[in-house]
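Asks: This is the structure I want to talk about, given as structure tokens.
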2 protein chains.
Amino acid sequence: MARPQTDHEATAELLLATAEQLIRERGPVSPSVTEIANACGMSQSNVYRFFPNKEALFEAFAERWFRELNEMMENVVESDLPPREKLYQFFAQRFVVKRARYEEDPDYFFACMALGDEHRDVVMSYVDLADHYMATILAEAISDGEFPGMTIDGLMSPINLMLAPFCDPKLIPQYEHSATIENLRIAINTLFNGLSAKSVEKPEAAGTPLKLAS
Amino acid sequence: MARPQTDHEATAELLLATAEQLIRERGPVSPSVTEIANACGMSQSNVYRFFPNKEALFEAFAERWFRELNEMMENVVESDLPPREKLYQFFAQRFVVKRARYEEDPDYFFACMALGDEHRDVVMSYVDLADHYMATILAEAISDGEFPGMTIDGLMSPINLMLAPFCDPKLIPQYEHSATIENLRIAINTLFNGLSAKSVEKPEAAGTPLKLAS
């Protein structure tokens, strides 16, 4: 966590840390301004100066949750690594952090996921940001001759689908044993080696295809 | 659903259909033998002849749930399709059925998932069977020269991970829009085109790799 730079930032961080503590204790219920004020020994009107309503509090809470992850994405995108290594680092670094957060306190982790579901628009802006960074890496890869015949749009959804267990925080418990850093490396290499216009084609007439469902 | 062949089978099917109806009405609670007997107008002792306990009832219920899916896997494995098309059909056919079951009644679908979690050993035997069929297809693929340098064991977990949204029934709602049959075709082709011993290798020294997490 970056050190707060001003008194204002330090107080905001204290309030958000208090919100975190309340969620850790009570589960996925957004703390009210009154509860945070009481827990910090501050007046309600003082807390309102920082967070005029629950929505503003959640937005700041989400910003705090995603800060480290966003910095990682930014650093990877700005690095001079080749695109394949960039895409690996893009997923690997965040995967390691999310996994560590989950392991540190699974209940708190899933409380945050549940609160995120209640504020889907806030969370989606971070998902969109991640997609934007990924698109930047894919554009570089394409201009390096990777993914022949593919467009950025055509790549986004197969890649997000095929890396879901490494990317979707809710899948962490279910894929705890198989979603390893080694398998992520294999997955990224498989995508770079195999995802091209050739992959979009149906196979050449190959025996009688079975009917889908009966 | 195959037509029951004998009176015994017909009665068992009636009892299981009654269990299904009770779960549809009440959610993820295994019906007791008494409840099923009452709902069918049969004596408890008669029901016990079919299902001596709740566990036996669940096993039969799971067998009924998986019957169609297992037949699909069997037919695909026994077909003379080339391995790539087999692997596609292996996932596609079951995906279409699971998706249709989910859409028909999402609450009932997730009630069945929840009951499956309570009887993990029963469900795992079907997961193991699916893995066995998949291994059979992969063995054929390898002997056809696909997946160069890879072993069946080395392929299982990357493939299961990279196809999770097409395979894991619990992920259906979350990936409802992006997990399409077209994207499954792309995913299967990407795996066949790109998953080889080359994918397991780390990249050649590629700039300074960033550290994982800080």
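In the structure tokens, chains take the letters A, B, ... in the order shown, each chain's residues start at 1, and ligands count up from 1 in the order shown.
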Residues of chain B near chain A: apply a cut-off of 7 Å, count only C-alpha atoms, and supply the list as a tab-separated table (two decimals) with N, CA and C atoms, in the first residue's frame.

Replies:
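New file part-v1.tsv:
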```tsv
chain	number	residue	atom	x	y	z
B	81	LEU	N	-14.60	-40.05	-36.17
B	81	LEU	CA	-14.17	-38.67	-36.43
B	81	LEU	C	-12.67	-38.55	-36.14
B	82	PRO	N	-12.00	-37.60	-36.79
B	82	PRO	CA	-10.61	-37.35	-36.42
B	82	PRO	C	-10.55	-36.75	-35.00
B	93	GLN	N	-21.23	-31.09	-27.48
B	93	GLN	CA	-22.53	-31.74	-27.29
B	93	GLN	C	-23.00	-31.61	-25.84
B	96	VAL	N	-24.02	-27.96	-24.96
B	96	VAL	CA	-25.36	-27.59	-25.44
B	96	VAL	C	-26.44	-28.15	-24.51
B	97	VAL	N	-26.27	-29.38	-24.07
B	97	VAL	CA	-27.27	-29.99	-23.18
B	97	VAL	C	-27.28	-29.30	-21.81
B	157	SER	N	-4.50	-31.17	-17.60
B	157	SER	CA	-4.88	-30.00	-16.81
B	157	SER	C	-4.88	-28.70	-17.62
B	158	PRO	N	-3.91	-28.46	-18.54
B	158	PRO	CA	-4.08	-27.25	-19.37
B	158	PRO	C	-5.38	-27.25	-20.17
B	161	LEU	N	-8.34	-26.61	-17.87
B	161	LEU	CA	-8.33	-25.21	-17.43
B	161	LEU	C	-8.79	-24.28	-18.55
B	162	MET	N	-8.25	-24.50	-19.75
B	162	MET	CA	-8.50	-23.55	-20.84
B	162	MET	C	-9.90	-23.71	-21.45
B	163	LEU	N	-10.60	-24.79	-21.07
B	163	LEU	CA	-11.97	-24.96	-21.54
B	163	LEU	C	-12.98	-24.85	-20.41
B	165	PRO	N	-14.88	-22.58	-19.00
B	165	PRO	CA	-16.21	-21.99	-19.19
B	165	PRO	C	-17.13	-22.83	-20.09
B	178	SER	N	-20.27	-14.97	-23.66
B	178	SER	CA	-19.02	-15.17	-24.40
B	178	SER	C	-18.73	-16.64	-24.70
B	183	ASN	N	-16.86	-19.85	-30.16
B	183	ASN	CA	-15.64	-19.68	-29.35
B	183	ASN	C	-15.08	-21.03	-28.88
B	186	ILE	N	-13.02	-22.21	-31.72
B	186	ILE	CA	-11.73	-21.49	-31.73
B	186	ILE	C	-10.81	-22.04	-30.63
B	187	ALA	N	-11.38	-22.29	-29.46
B	187	ALA	CA	-10.57	-22.78	-28.34
B	187	ALA	C	-9.97	-24.15	-28.65
B	189	ASN	N	-9.44	-25.50	-31.62
B	189	ASN	CA	-8.43	-25.35	-32.67
B	189	ASN	C	-7.15	-24.73	-32.11
B	190	THR	N	-7.30	-23.75	-31.22
B	190	THR	CA	-6.12	-23.12	-30.62
B	190	THR	C	-5.31	-24.15	-29.84
B	191	LEU	N	-6.01	-25.01	-29.10
B	191	LEU	CA	-5.31	-26.05	-28.34
B	191	LEU	C	-4.57	-27.00	-29.29
B	193	ASN	N	-3.65	-26.43	-32.40
B	193	ASN	CA	-2.59	-25.75	-33.16
B	193	ASN	C	-1.42	-25.33	-32.27
B	194	GLY	N	-1.69	-25.08	-30.99
B	194	GLY	CA	-0.67	-24.42	-30.18
B	194	GLY	C	-0.13	-25.16	-28.98
B	195	LEU	N	-0.82	-26.23	-28.56
B	195	LEU	CA	-0.39	-26.90	-27.32
B	195	LEU	C	0.59	-28.03	-27.67
B	199	SER	N	5.06	-25.16	-25.96
B	199	SER	CA	4.26	-24.30	-25.07
B	199	SER	C	4.68	-24.43	-23.62
B	200	VAL	N	5.33	-25.53	-23.31
B	200	VAL	CA	5.72	-25.77	-21.92
B	200	VAL	C	7.00	-25.01	-21.59
B	206	ALA	N	14.20	-12.92	-22.40
B	206	ALA	CA	13.41	-11.92	-23.10
B	206	ALA	C	13.35	-10.66	-22.26
B	207	GLY	N	14.34	-9.79	-22.42
B	207	GLY	CA	14.38	-8.58	-21.60
B	207	GLY	C	14.51	-9.02	-20.14
B	212	LEU	N	7.46	-11.39	-9.93
B	212	LEU	CA	6.06	-11.70	-9.62
B	212	LEU	C	5.73	-11.14	-8.26
B	213	ALA	N	4.76	-10.29	-8.21
B	213	ALA	CA	4.31	-9.65	-6.96
B	213	ALA	C	5.48	-8.90	-6.34
```

Asks: For A:Asp107, which of A:Ile23, A:Ser32, A:Arg49, A:Arg67 is the closest residue, counting only C-alpha atoms?

Replies: A:Ile23

Asks: Which neighbours of A:Ala17 fall inside 10 Å, counting only C-alpha atoms, when residues of the same chain fewer than 3 positions from it are skipped, and could you give them as a list in words?

Replies: Thr11, Ala12, Glu13, Leu14, Glu20, Gln21, Leu22, Ile23, Ile36, Cys40, Phe61 and Arg64 of chain A

Asks: So, counting only C-alpha atoms, which residue among B:Ala111, B:Ile172, B:Ala37, B:Val122 is closest to B:Ala56?

Replies: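 For B:Ala56, the nearest of the given residues is B:Val122.
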
Asks: Quick one: everything within 10 Å of B:Ser143, counting only C-alpha atoms, minus sequence neighbours fewer than 5 positions away in the same chain. Send it as a VMD selection string.

Replies: chain B and resid 83 138 148

Asks: Please produce a file of the residues just selected, as a PDB file, in the first residue's frame, where the atoms kept are N, CA and C atoms.

Replies:
```pdb
ATOM      1  N   PRO B  83      -9.427 -36.944 -34.303  1.00  0.00           N
ATOM      2  CA  PRO B  83      -9.342 -36.553 -32.894  1.00  0.00           C
ATOM      3  C   PRO B  83      -9.741 -35.097 -32.613  1.00  0.00           C
ATOM      4  N   LEU B 138      -7.334 -37.970 -26.392  1.00  0.00           N
ATOM      5  CA  LEU B 138      -5.996 -37.367 -26.470  1.00  0.00           C
ATOM      6  C   LEU B 138      -4.949 -38.392 -26.888  1.00  0.00           C
ATOM      7  N   PRO B 148       2.688 -32.336 -30.316  1.00  0.00           N
ATOM      8  CA  PRO B 148       4.036 -32.925 -30.330  1.00  0.00           C
ATOM      9  C   PRO B 148       4.786 -32.726 -29.013  1.00  0.00           C
TER      10      PRO B 148
END
```

Asks: How would you write, as a PyMOL selection string, the set of residues in chain B that DSSP gives as alpha helix (DSSP H)?

Replies: chain B and resi 7-26+33-40+44-50+54-78+83-104+106-118+120-143+152-162+164-167+181-194+197-200
